[in-house]
>>> print(open('model_7.tsv').read())   # TSV, C-alpha atoms
chain	number	residue	atom	x	y	z
A	47	MET	CA	-12.95	-36.19	-50.39
A	48	SER	CA	-15.18	-33.11	-50.27
A	49	GLU	CA	-13.68	-29.92	-48.92
A	50	ALA	CA	-14.99	-26.81	-47.22
A	51	ARG	CA	-15.04	-24.85	-50.50
A	52	GLY	CA	-16.18	-27.76	-52.68
A	53	VAL	CA	-12.65	-28.39	-54.00
A	54	THR	CA	-11.65	-32.05	-54.10
A	55	LEU	CA	-8.43	-33.93	-54.73
A	56	LYS	CA	-9.91	-34.93	-58.09
A	57	ASP	CA	-10.34	-31.25	-59.04
A	58	ILE	CA	-6.67	-30.62	-58.31
A	59	ALA	CA	-5.64	-33.79	-60.16
A	60	LEU	CA	-7.56	-32.75	-63.29
A	61	ARG	CA	-5.88	-29.33	-63.29
A	62	ALA	CA	-2.41	-30.76	-62.62
A	63	GLY	CA	-2.74	-33.71	-64.99
A	64	VAL	CA	-1.71	-36.29	-62.41
A	65	SER	CA	-3.43	-38.93	-60.29
A	66	THR	CA	-5.26	-38.22	-57.04
A	67	ALA	CA	-2.67	-40.41	-55.30
A	68	ALA	CA	0.05	-38.02	-56.46
A	69	ILE	CA	-2.01	-35.08	-55.18
A	70	SER	CA	-2.33	-36.72	-51.76
A	71	GLN	CA	1.40	-37.44	-51.63
A	72	ALA	CA	2.28	-33.86	-52.57
A	73	LEU	CA	-0.08	-32.20	-50.10
A	74	ASN	CA	1.02	-34.50	-47.26
A	75	ASP	CA	4.74	-34.34	-48.16
A	76	ARG	CA	4.95	-38.07	-48.75
A	77	GLY	CA	6.10	-40.28	-51.59
A	78	SER	CA	8.91	-39.84	-54.11
A	79	LEU	CA	7.56	-37.04	-56.30
A	80	ARG	CA	10.06	-34.67	-57.87
A	81	PRO	CA	10.38	-31.41	-55.88
A	82	GLU	CA	9.18	-29.32	-58.83
A	83	THR	CA	6.08	-31.53	-59.26
A	84	ARG	CA	5.26	-31.36	-55.57
A	85	GLU	CA	5.59	-27.57	-55.59
A	86	ARG	CA	3.44	-27.20	-58.73
A	87	ILE	CA	0.65	-29.30	-57.16
A	88	LYS	CA	0.70	-27.21	-53.99
A	89	LEU	CA	0.46	-24.00	-56.03
A	90	ILE	CA	-2.52	-25.35	-57.99
A	91	ALA	CA	-4.22	-26.42	-54.74
A	92	ALA	CA	-3.75	-22.93	-53.33
A	93	GLU	CA	-5.11	-21.30	-56.51
A	94	LEU	CA	-8.24	-23.47	-56.34
A	95	GLY	CA	-8.79	-22.59	-52.69
A	96	TYR	CA	-8.24	-26.10	-51.38
A	97	THR	CA	-8.67	-26.48	-47.59
A	98	PRO	CA	-7.80	-29.82	-45.95
A	99	ASN	CA	-10.72	-31.47	-44.18
A	100	LYS	CA	-9.36	-32.20	-40.71
A	101	HIS	CA	-12.34	-34.32	-39.74
A	102	ALA	CA	-12.07	-36.58	-42.78
A	103	ALA	CA	-8.36	-37.05	-42.09
A	104	ALA	CA	-9.14	-37.77	-38.45
A	105	LEU	CA	-11.66	-40.47	-39.40
A	106	ARG	CA	-9.05	-42.21	-41.54
A	107	SER	CA	-6.59	-42.17	-38.64
A	108	GLY	CA	-9.21	-43.32	-36.10
A	109	ARG	CA	-9.44	-39.95	-34.33
A	110	THR	CA	-12.71	-38.18	-33.52
A	111	MET	CA	-11.47	-34.57	-33.17
A	112	SER	CA	-13.43	-34.24	-29.92
A	113	VAL	CA	-12.33	-33.69	-26.32
A	114	GLY	CA	-14.34	-34.94	-23.36
A	115	PHE	CA	-14.87	-32.37	-20.58
A	116	VAL	CA	-15.78	-33.75	-17.14
A	117	MET	CA	-18.54	-31.74	-15.44
A	118	GLY	CA	-19.06	-32.32	-11.73
A	119	ASP	CA	-22.38	-32.09	-9.88
A	120	THR	CA	-20.68	-30.63	-6.81
A	121	THR	CA	-20.77	-27.09	-8.23
A	122	ASP	CA	-24.52	-26.66	-7.61
A	123	GLY	CA	-24.19	-25.23	-4.10
A	124	ASP	CA	-21.01	-23.24	-4.67
A	125	ALA	CA	-21.30	-20.20	-6.94
A	126	ARG	CA	-17.54	-19.57	-7.03
A	127	ARG	CA	-16.80	-23.14	-7.99
A	128	ALA	CA	-19.51	-23.06	-10.65
A	129	LEU	CA	-17.99	-19.86	-12.07
A	130	GLN	CA	-14.57	-21.46	-12.12
A	131	ARG	CA	-15.96	-24.49	-14.00
A	132	THR	CA	-17.66	-22.21	-16.53
A	133	ARG	CA	-14.37	-20.42	-17.18
A	134	GLN	CA	-12.59	-23.75	-17.63
A	135	LEU	CA	-15.20	-24.95	-20.11
A	136	ASN	CA	-15.12	-21.65	-22.03
A	137	ALA	CA	-11.32	-21.80	-22.26
A	138	LEU	CA	-11.50	-25.37	-23.55
A	139	VAL	CA	-14.18	-24.52	-26.13
A	140	ARG	CA	-12.11	-21.59	-27.45
A	141	ALA	CA	-8.91	-23.63	-27.66
A	142	SER	CA	-10.73	-26.61	-29.20
A	143	ALA	CA	-12.34	-24.46	-31.90
A	144	ALA	CA	-8.97	-22.95	-32.76
A	145	HIS	CA	-7.61	-26.48	-33.35
A	146	GLY	CA	-10.65	-27.85	-35.20
A	147	PHE	CA	-11.96	-29.88	-32.24
A	148	THR	CA	-15.38	-30.13	-30.65
A	149	VAL	CA	-16.12	-30.62	-26.93
A	150	THR	CA	-18.24	-33.39	-25.42
A	151	VAL	CA	-19.43	-32.76	-21.84
A	152	LEU	CA	-19.59	-35.82	-19.56
A	153	PRO	CA	-20.94	-35.98	-15.96
A	154	ASP	CA	-18.25	-37.01	-13.49
A	155	ALA	CA	-20.53	-39.62	-11.88
A	156	ARG	CA	-21.52	-41.35	-15.17
A	157	PRO	CA	-18.58	-43.53	-16.26
A	158	ASP	CA	-21.11	-45.72	-18.09
A	159	LEU	CA	-21.42	-43.02	-20.75
A	160	LEU	CA	-17.73	-43.15	-21.62
A	161	PRO	CA	-17.86	-46.26	-23.87
A	162	GLY	CA	-20.31	-44.52	-26.18
A	163	ALA	CA	-18.51	-41.17	-26.18
A	164	GLN	CA	-16.55	-40.45	-29.34
A	165	ILE	CA	-13.54	-38.62	-27.87
A	166	ASP	CA	-9.79	-38.59	-28.42
A	167	LEU	CA	-8.98	-37.68	-24.83
A	168	LEU	CA	-10.64	-36.76	-21.53
A	169	TYR	CA	-10.08	-33.42	-19.76
A	170	PHE	CA	-10.55	-33.58	-15.98
A	171	PRO	CA	-10.38	-29.95	-14.75
A	172	ASP	CA	-11.24	-30.32	-11.06
A	173	PRO	CA	-9.25	-32.75	-8.85
A	174	ALA	CA	-12.08	-32.73	-6.28
A	175	ASP	CA	-14.63	-34.28	-8.68
A	176	ASP	CA	-15.75	-37.91	-8.65
A	177	ARG	CA	-12.95	-39.87	-10.29
A	178	ALA	CA	-15.03	-42.81	-11.49
A	179	VAL	CA	-15.07	-41.55	-15.07
A	180	LEU	CA	-11.34	-40.90	-14.79
A	181	ARG	CA	-10.65	-44.50	-13.78
A	182	GLU	CA	-12.86	-45.78	-16.61
A	183	ALA	CA	-10.95	-43.70	-19.15
A	184	ALA	CA	-7.61	-44.96	-17.85
A	185	ALA	CA	-8.85	-48.56	-18.01
A	186	ARG	CA	-9.88	-48.07	-21.64
A	187	GLY	CA	-6.57	-46.48	-22.61
A	188	ILE	CA	-8.14	-43.09	-23.32
A	189	PRO	CA	-5.53	-40.36	-22.70
A	190	VAL	CA	-6.41	-38.20	-19.72
A	191	VAL	CA	-5.55	-34.56	-19.09
A	192	ALA	CA	-6.00	-33.50	-15.46
A	193	ASN	CA	-5.44	-30.27	-13.57
A	194	ASP	CA	-3.33	-30.61	-10.40
A	195	LEU	CA	-3.75	-34.38	-10.37
A	196	TYR	CA	-1.23	-37.08	-11.28
A	197	ILE	CA	-2.77	-40.07	-13.07
A	198	ALA	CA	-0.55	-43.07	-12.37
A	199	GLY	CA	-0.50	-45.88	-14.90
A	200	ALA	CA	-2.41	-44.02	-17.61
A	201	PRO	CA	-1.34	-42.17	-20.76
A	202	GLY	CA	-1.96	-38.47	-20.52
A	203	LEU	CA	-0.95	-35.14	-19.14
A	204	SER	CA	-0.88	-33.62	-15.67
A	205	ILE	CA	-1.16	-29.83	-15.72
A	206	ARG	CA	0.07	-28.08	-12.60
A	207	THR	CA	-1.85	-24.80	-12.57
A	208	GLY	CA	0.75	-23.02	-10.43
A	209	TYR	CA	-1.30	-22.32	-7.28
A	210	ASP	CA	0.95	-24.40	-5.03
A	211	ALA	CA	4.15	-22.87	-6.40
A	212	ALA	CA	2.71	-19.34	-6.36
A	213	VAL	CA	1.64	-19.57	-2.72
A	214	ARG	CA	5.04	-20.87	-1.66
A	215	ALA	CA	6.76	-18.10	-3.61
A	216	GLY	CA	4.62	-15.42	-1.95
A	217	LEU	CA	5.27	-16.85	1.51
A	218	ALA	CA	9.00	-17.09	0.84
A	219	HIS	CA	9.00	-13.45	-0.28
A	220	LEU	CA	7.28	-12.34	2.94
A	221	GLU	CA	9.72	-14.40	4.98
A	222	SER	CA	12.72	-12.87	3.23
A	223	ALA	CA	11.23	-9.42	3.94
A	224	GLY	CA	11.24	-10.16	7.68
A	225	ALA	CA	7.68	-11.41	8.31
A	226	GLU	CA	7.47	-13.69	11.34
A	227	ARG	CA	3.70	-14.23	11.74
A	228	ILE	CA	2.11	-14.68	8.31
A	229	GLY	CA	-1.69	-14.92	8.27
A	230	PHE	CA	-3.42	-16.75	5.43
A	231	LEU	CA	-6.75	-15.39	4.19
A	232	VAL	CA	-8.74	-17.91	2.16
A	233	ASP	CA	-12.26	-18.13	0.76
A	234	GLU	CA	-14.81	-20.34	2.49
A	235	SER	CA	-15.21	-22.48	-0.60
A	236	GLU	CA	-14.53	-25.89	-2.11
A	237	VAL	CA	-12.76	-24.40	-5.12
A	238	PRO	CA	-9.68	-26.62	-5.62
A	239	ARG	CA	-7.30	-23.68	-5.94
A	240	ASP	CA	-8.22	-22.55	-2.40
A	241	GLN	CA	-7.67	-26.05	-1.05
A	242	ILE	CA	-4.35	-26.36	-2.89
A	243	GLY	CA	-3.26	-22.96	-1.58
A	244	GLU	CA	-4.21	-23.68	2.01
A	245	SER	CA	-2.45	-27.05	1.90
A	246	ALA	CA	0.67	-25.33	0.56
A	247	TYR	CA	0.50	-22.74	3.37
A	248	LEU	CA	0.04	-25.37	6.09
A	249	ALA	CA	2.90	-27.48	4.73
A	250	TRP	CA	5.16	-24.44	4.39
A	251	SER	CA	4.38	-23.40	7.99
A	252	ALA	CA	4.99	-26.92	9.34
A	253	VAL	CA	8.39	-27.22	7.67
A	254	ARG	CA	9.47	-23.90	9.20
A	255	GLY	CA	7.98	-24.60	12.62
A	256	ARG	CA	5.55	-21.68	12.31
A	257	THR	CA	2.10	-21.62	13.89
A	258	PRO	CA	-0.46	-21.25	11.07
A	259	LEU	CA	-2.91	-18.34	11.19
A	260	VAL	CA	-5.82	-19.11	8.86
A	261	ALA	CA	-8.83	-16.84	8.40
A	262	ARG	CA	-11.82	-17.72	6.21
A	263	VAL	CA	-13.92	-15.27	4.23
A	264	ASP	CA	-17.58	-15.90	3.38
A	265	PRO	CA	-18.72	-15.85	-0.29
A	266	GLY	CA	-20.33	-12.40	0.10
A	267	ARG	CA	-17.14	-10.94	1.65
A	268	ARG	CA	-19.18	-9.60	4.57
A	269	ARG	CA	-16.64	-10.89	7.07
A	270	LEU	CA	-13.55	-9.68	5.21
A	271	ALA	CA	-12.87	-6.62	7.40
A	272	ARG	CA	-13.50	-8.61	10.57
A	273	GLU	CA	-11.20	-11.46	9.52
A	274	VAL	CA	-8.38	-9.05	8.63
A	275	ARG	CA	-8.79	-7.33	11.99
A	276	ASP	CA	-8.78	-10.71	13.71
A	277	LEU	CA	-5.48	-11.65	12.04
A	278	LEU	CA	-3.94	-8.41	13.29
A	279	GLU	CA	-5.19	-9.07	16.82
A	280	ARG	CA	-3.68	-12.55	16.67
A	281	GLY	CA	-0.29	-11.01	16.02
A	282	ALA	CA	0.03	-11.27	12.24
A	283	ASP	CA	2.71	-9.00	10.80
A	284	ALA	CA	1.93	-10.11	7.22
A	285	VAL	CA	-1.08	-11.38	5.28
A	286	PHE	CA	-1.20	-13.64	2.25
A	287	ALA	CA	-4.63	-13.07	0.71
A	288	PHE	CA	-5.56	-16.11	-1.31
A	289	CYS	CA	-9.09	-14.80	-1.86
A	290	GLU	CA	-7.84	-12.18	-4.35
A	291	GLU	CA	-9.03	-9.32	-2.16
A	292	GLY	CA	-5.70	-7.53	-2.16
A	293	PRO	CA	-7.08	-4.12	-3.23
A	294	GLU	CA	-9.91	-4.16	-0.67
A	295	ILE	CA	-7.60	-5.26	2.15
A	296	TYR	CA	-5.11	-2.61	1.12
A	297	LEU	CA	-7.76	0.11	1.31
A	298	GLN	CA	-9.03	-1.16	4.67
A	299	LEU	CA	-5.53	-1.14	6.15
A	300	GLU	CA	-4.94	2.38	4.91
A	301	ALA	CA	-7.97	3.48	6.95
A	302	THR	CA	-6.40	2.10	10.15
A	303	THR	CA	-3.40	3.20	12.18
A	304	ALA	CA	-1.33	0.36	10.70
A	305	VAL	CA	1.38	1.52	8.31
A	306	ILE	CA	2.06	-0.63	5.23
A	307	PRO	CA	4.55	-2.28	4.99
A	308	ARG	CA	6.13	-1.24	8.31
A	309	ASP	CA	3.46	-2.73	10.57
A	310	LEU	CA	1.94	-5.25	8.20
A	311	GLN	CA	2.98	-6.62	4.81
A	312	LEU	CA	0.55	-7.86	2.18
A	313	VAL	CA	0.76	-10.29	-0.73
A	314	ALA	CA	-2.28	-11.16	-2.86
A	315	LEU	CA	-2.75	-14.09	-5.21
A	316	CYS	CA	-4.66	-13.30	-8.40
A	317	THR	CA	-5.48	-14.84	-11.77
A	318	SER	CA	-5.35	-13.55	-15.32
A	319	GLU	CA	-8.49	-15.40	-16.41
A	320	PRO	CA	-10.84	-13.69	-18.90
A	321	GLY	CA	-13.39	-11.57	-17.07
A	322	THR	CA	-11.07	-10.77	-14.17
A	323	ARG	CA	-8.96	-7.68	-13.51
A	324	ASP	CA	-7.21	-9.02	-10.43
A	325	CYS	CA	-3.59	-8.83	-11.54
A	326	ALA	CA	-3.92	-5.43	-13.22
A	327	LEU	CA	-5.79	-3.87	-10.28
A	328	ASN	CA	-3.27	-5.09	-7.73
A	329	GLU	CA	-0.45	-3.76	-9.87
A	330	ARG	CA	-2.05	-0.32	-10.21
A	331	LEU	CA	-2.42	-0.06	-6.42
A	332	GLY	CA	1.11	-1.25	-5.83
A	333	VAL	CA	0.04	-4.43	-4.03
A	334	THR	CA	2.69	-7.14	-4.14
A	335	HIS	CA	1.00	-10.10	-5.82
A	336	VAL	CA	1.53	-13.48	-7.42
A	337	CYS	CA	-0.28	-13.84	-10.74
A	338	VAL	CA	-1.21	-17.30	-12.06
A	339	HIS	CA	-2.62	-18.28	-15.46
A	340	PRO	CA	-5.03	-21.26	-15.15
A	341	GLU	CA	-6.77	-20.22	-18.36
A	342	ARG	CA	-3.73	-21.47	-20.29
A	343	ALA	CA	-4.39	-25.11	-19.34
A	344	ALA	CA	-6.40	-25.85	-22.50
A	345	ASP	CA	-3.73	-24.37	-24.77
A	346	ALA	CA	-1.06	-26.39	-22.94
A	347	MET	CA	-3.13	-29.51	-23.58
A	348	PHE	CA	-3.36	-28.89	-27.32
A	349	ALA	CA	0.36	-28.16	-27.50
A	350	ALA	CA	0.91	-31.75	-26.35
A	351	ILE	CA	-2.08	-33.39	-28.03
A	352	GLU	CA	-0.14	-35.16	-30.79
A	353	SER	CA	1.91	-37.13	-28.27
A	354	LEU	CA	-1.18	-37.75	-26.15
A	355	THR	CA	-3.16	-39.35	-28.97
A	356	GLY	CA	-0.30	-40.78	-30.99
A	357	THR	CA	2.75	-42.15	-29.23
A	358	LEU	CA	1.60	-42.86	-25.67
A	359	VAL	CA	0.33	-46.30	-24.73
A	360	PRO	CA	-1.47	-47.51	-21.57
A	361	GLY	CA	1.00	-47.72	-18.70
A	362	ASP	CA	3.12	-44.80	-19.89
A	363	VAL	CA	4.11	-42.21	-17.31
A	364	PRO	CA	2.00	-39.05	-17.81
A	365	GLN	CA	3.69	-35.91	-18.98
A	366	VAL	CA	3.76	-33.04	-16.51
A	367	ILE	CA	3.42	-29.39	-17.55
A	368	ASP	CA	3.78	-26.42	-15.21
A	369	LEU	CA	1.76	-23.32	-16.11
A	370	PRO	CA	3.57	-20.00	-15.63
A	371	TRP	CA	3.22	-17.62	-12.68
A	372	GLU	CA	4.91	-14.37	-11.75
A	373	LEU	CA	5.74	-12.63	-8.49
A	374	VAL	CA	5.20	-8.88	-8.97
A	375	ARG	CA	6.70	-6.79	-6.20
A	376	GLY	CA	4.89	-3.68	-5.01
A	377	SER	CA	4.89	-1.23	-2.14
A	378	THR	CA	3.08	-3.53	0.31
A	379	THR	CA	6.22	-5.58	1.08
A	380	ARG	CA	9.61	-4.44	2.26
>>> encode(input="model_7.tsv", output="structure tokens")
Amino acid sequence: MSEARGVTLKDIALRAGVSTAAISQALNDRGSLRPETRERIKLIAAELGYTPNKHAAALRSGRTMSVGFVMGDTTDGDARRALQRTRQLNALVRASAAHGFTVTVLPDARPDLLPGAQIDLLYFPDPADDRAVLREAAARGIPVVANDLYIAGAPGLSIRTGYDAAVRAGLAHLESAGAERIGFLVDESEVPRDQIGESAYLAWSAVRGRTPLVARVDPGRRRLAREVRDLLERGADAVFAFCEEGPEIYLQLEATTAVIPRDLQLVALCTSEPGTRDCALNERLGVTHVCVHPERAADAMFAAIESLTGTLVPGDVPQVIDLPWELVRGSTTR
């Protein structure tokens, strides 16, 4: 077996004066070698600069050391959704490289490509994408990892990104601070997190018998000031800004006669994804916010990858992992 630095098991065996089988047993902590022999072999391997070849080991075990990433065509007309998908792919590439994996990109509408794809598992980042490739993977027993989507009857992992829980926590905080008419400001987009957040708001309002007040902001944010003003005119005494415009709304409100948080309370939802400063900026301005961490989905997947590719069998109940979120209180709520 050739290694990254040219050192082979045979090289170690020649130096140690034992068989290559004994070297393999020692380095993999198997067999019945004496402890002192096992330790001596490991020391010799370290001195020679031996580095295990993960891909060779994977081939012997039937693994490919590659993750399939589902790319949807629906991002073409939505810049925010396309940016979100790019961030998801970048996070997966970074996490995969750190674990010795490669990434294979598959179109969501081409399940016919799946049989020829050499992957250990399939990552489905957007619950709004075409699920044909997802169903094909489940039928073939390929473990599936999906964001905010439960895959019944298939081995895999469901990662709850925290948007639903974060929105409910922010609304509950406003309610406990005395808000009676909570407006919900959401982007005019098909980004799943916005849809999840709005669904959580509508469900939360229905359970409490509250009339929902939803305002939508255009991608260029040209209507932001008008939508905030409209919420105030409709009687909102609090705003949950799901479009991560907490700082801008805060500055706009300060320019009006409304006093924060006496006349209107504000909670913003933000992410800690690379390339964003949402959480830090809201905290510096004192805006109460809920910070979620969707960029940790790929790391959560690799933390569970051994069980995904080893012990699960078709028909198993998927594991469920909840990503963390934090409610950070500021001066914009009572």
>>> residues_near_point(input="model_7.tsv", point="(-9.9, -18.4, -5.0)", cutoff="6 Å", atoms="only C-alpha atoms", output="count of residues only")
3
>>> atom_distance(input="model_7.tsv", atom1="CA of Ser112 in chain A", atom2="CA of Leu167 in chain A")
7.6 Å
>>> residues_around(input="model_7.tsv", residues="Glu236 in chain A", least_positions_apart="2", cutoff="12 Å", atoms="all atoms listed in the file", output="count of residues only")
27
>>> residues_near_point(input="model_7.tsv", point="(-13.1, -8.1, 9.4)", cutoff="12 Å", atoms="only C-alpha atoms", output="list in words")
Leu231, Ala261, Arg262, Val263, Asp264, Arg267, Arg268, Arg269, Leu270, Ala271, Arg272, Glu273, Val274, Arg275, Asp276, Leu277, Leu278, Glu279, Glu294, Ile295, Gln298 and Leu299 of chain A
>>> closest_residue(input="model_7.tsv", among="A:Phe286, A:Leu373, A:Arg61, A:Arg80", to="Leu217 in chain A", atoms="all atoms listed in the file")
A:Phe286
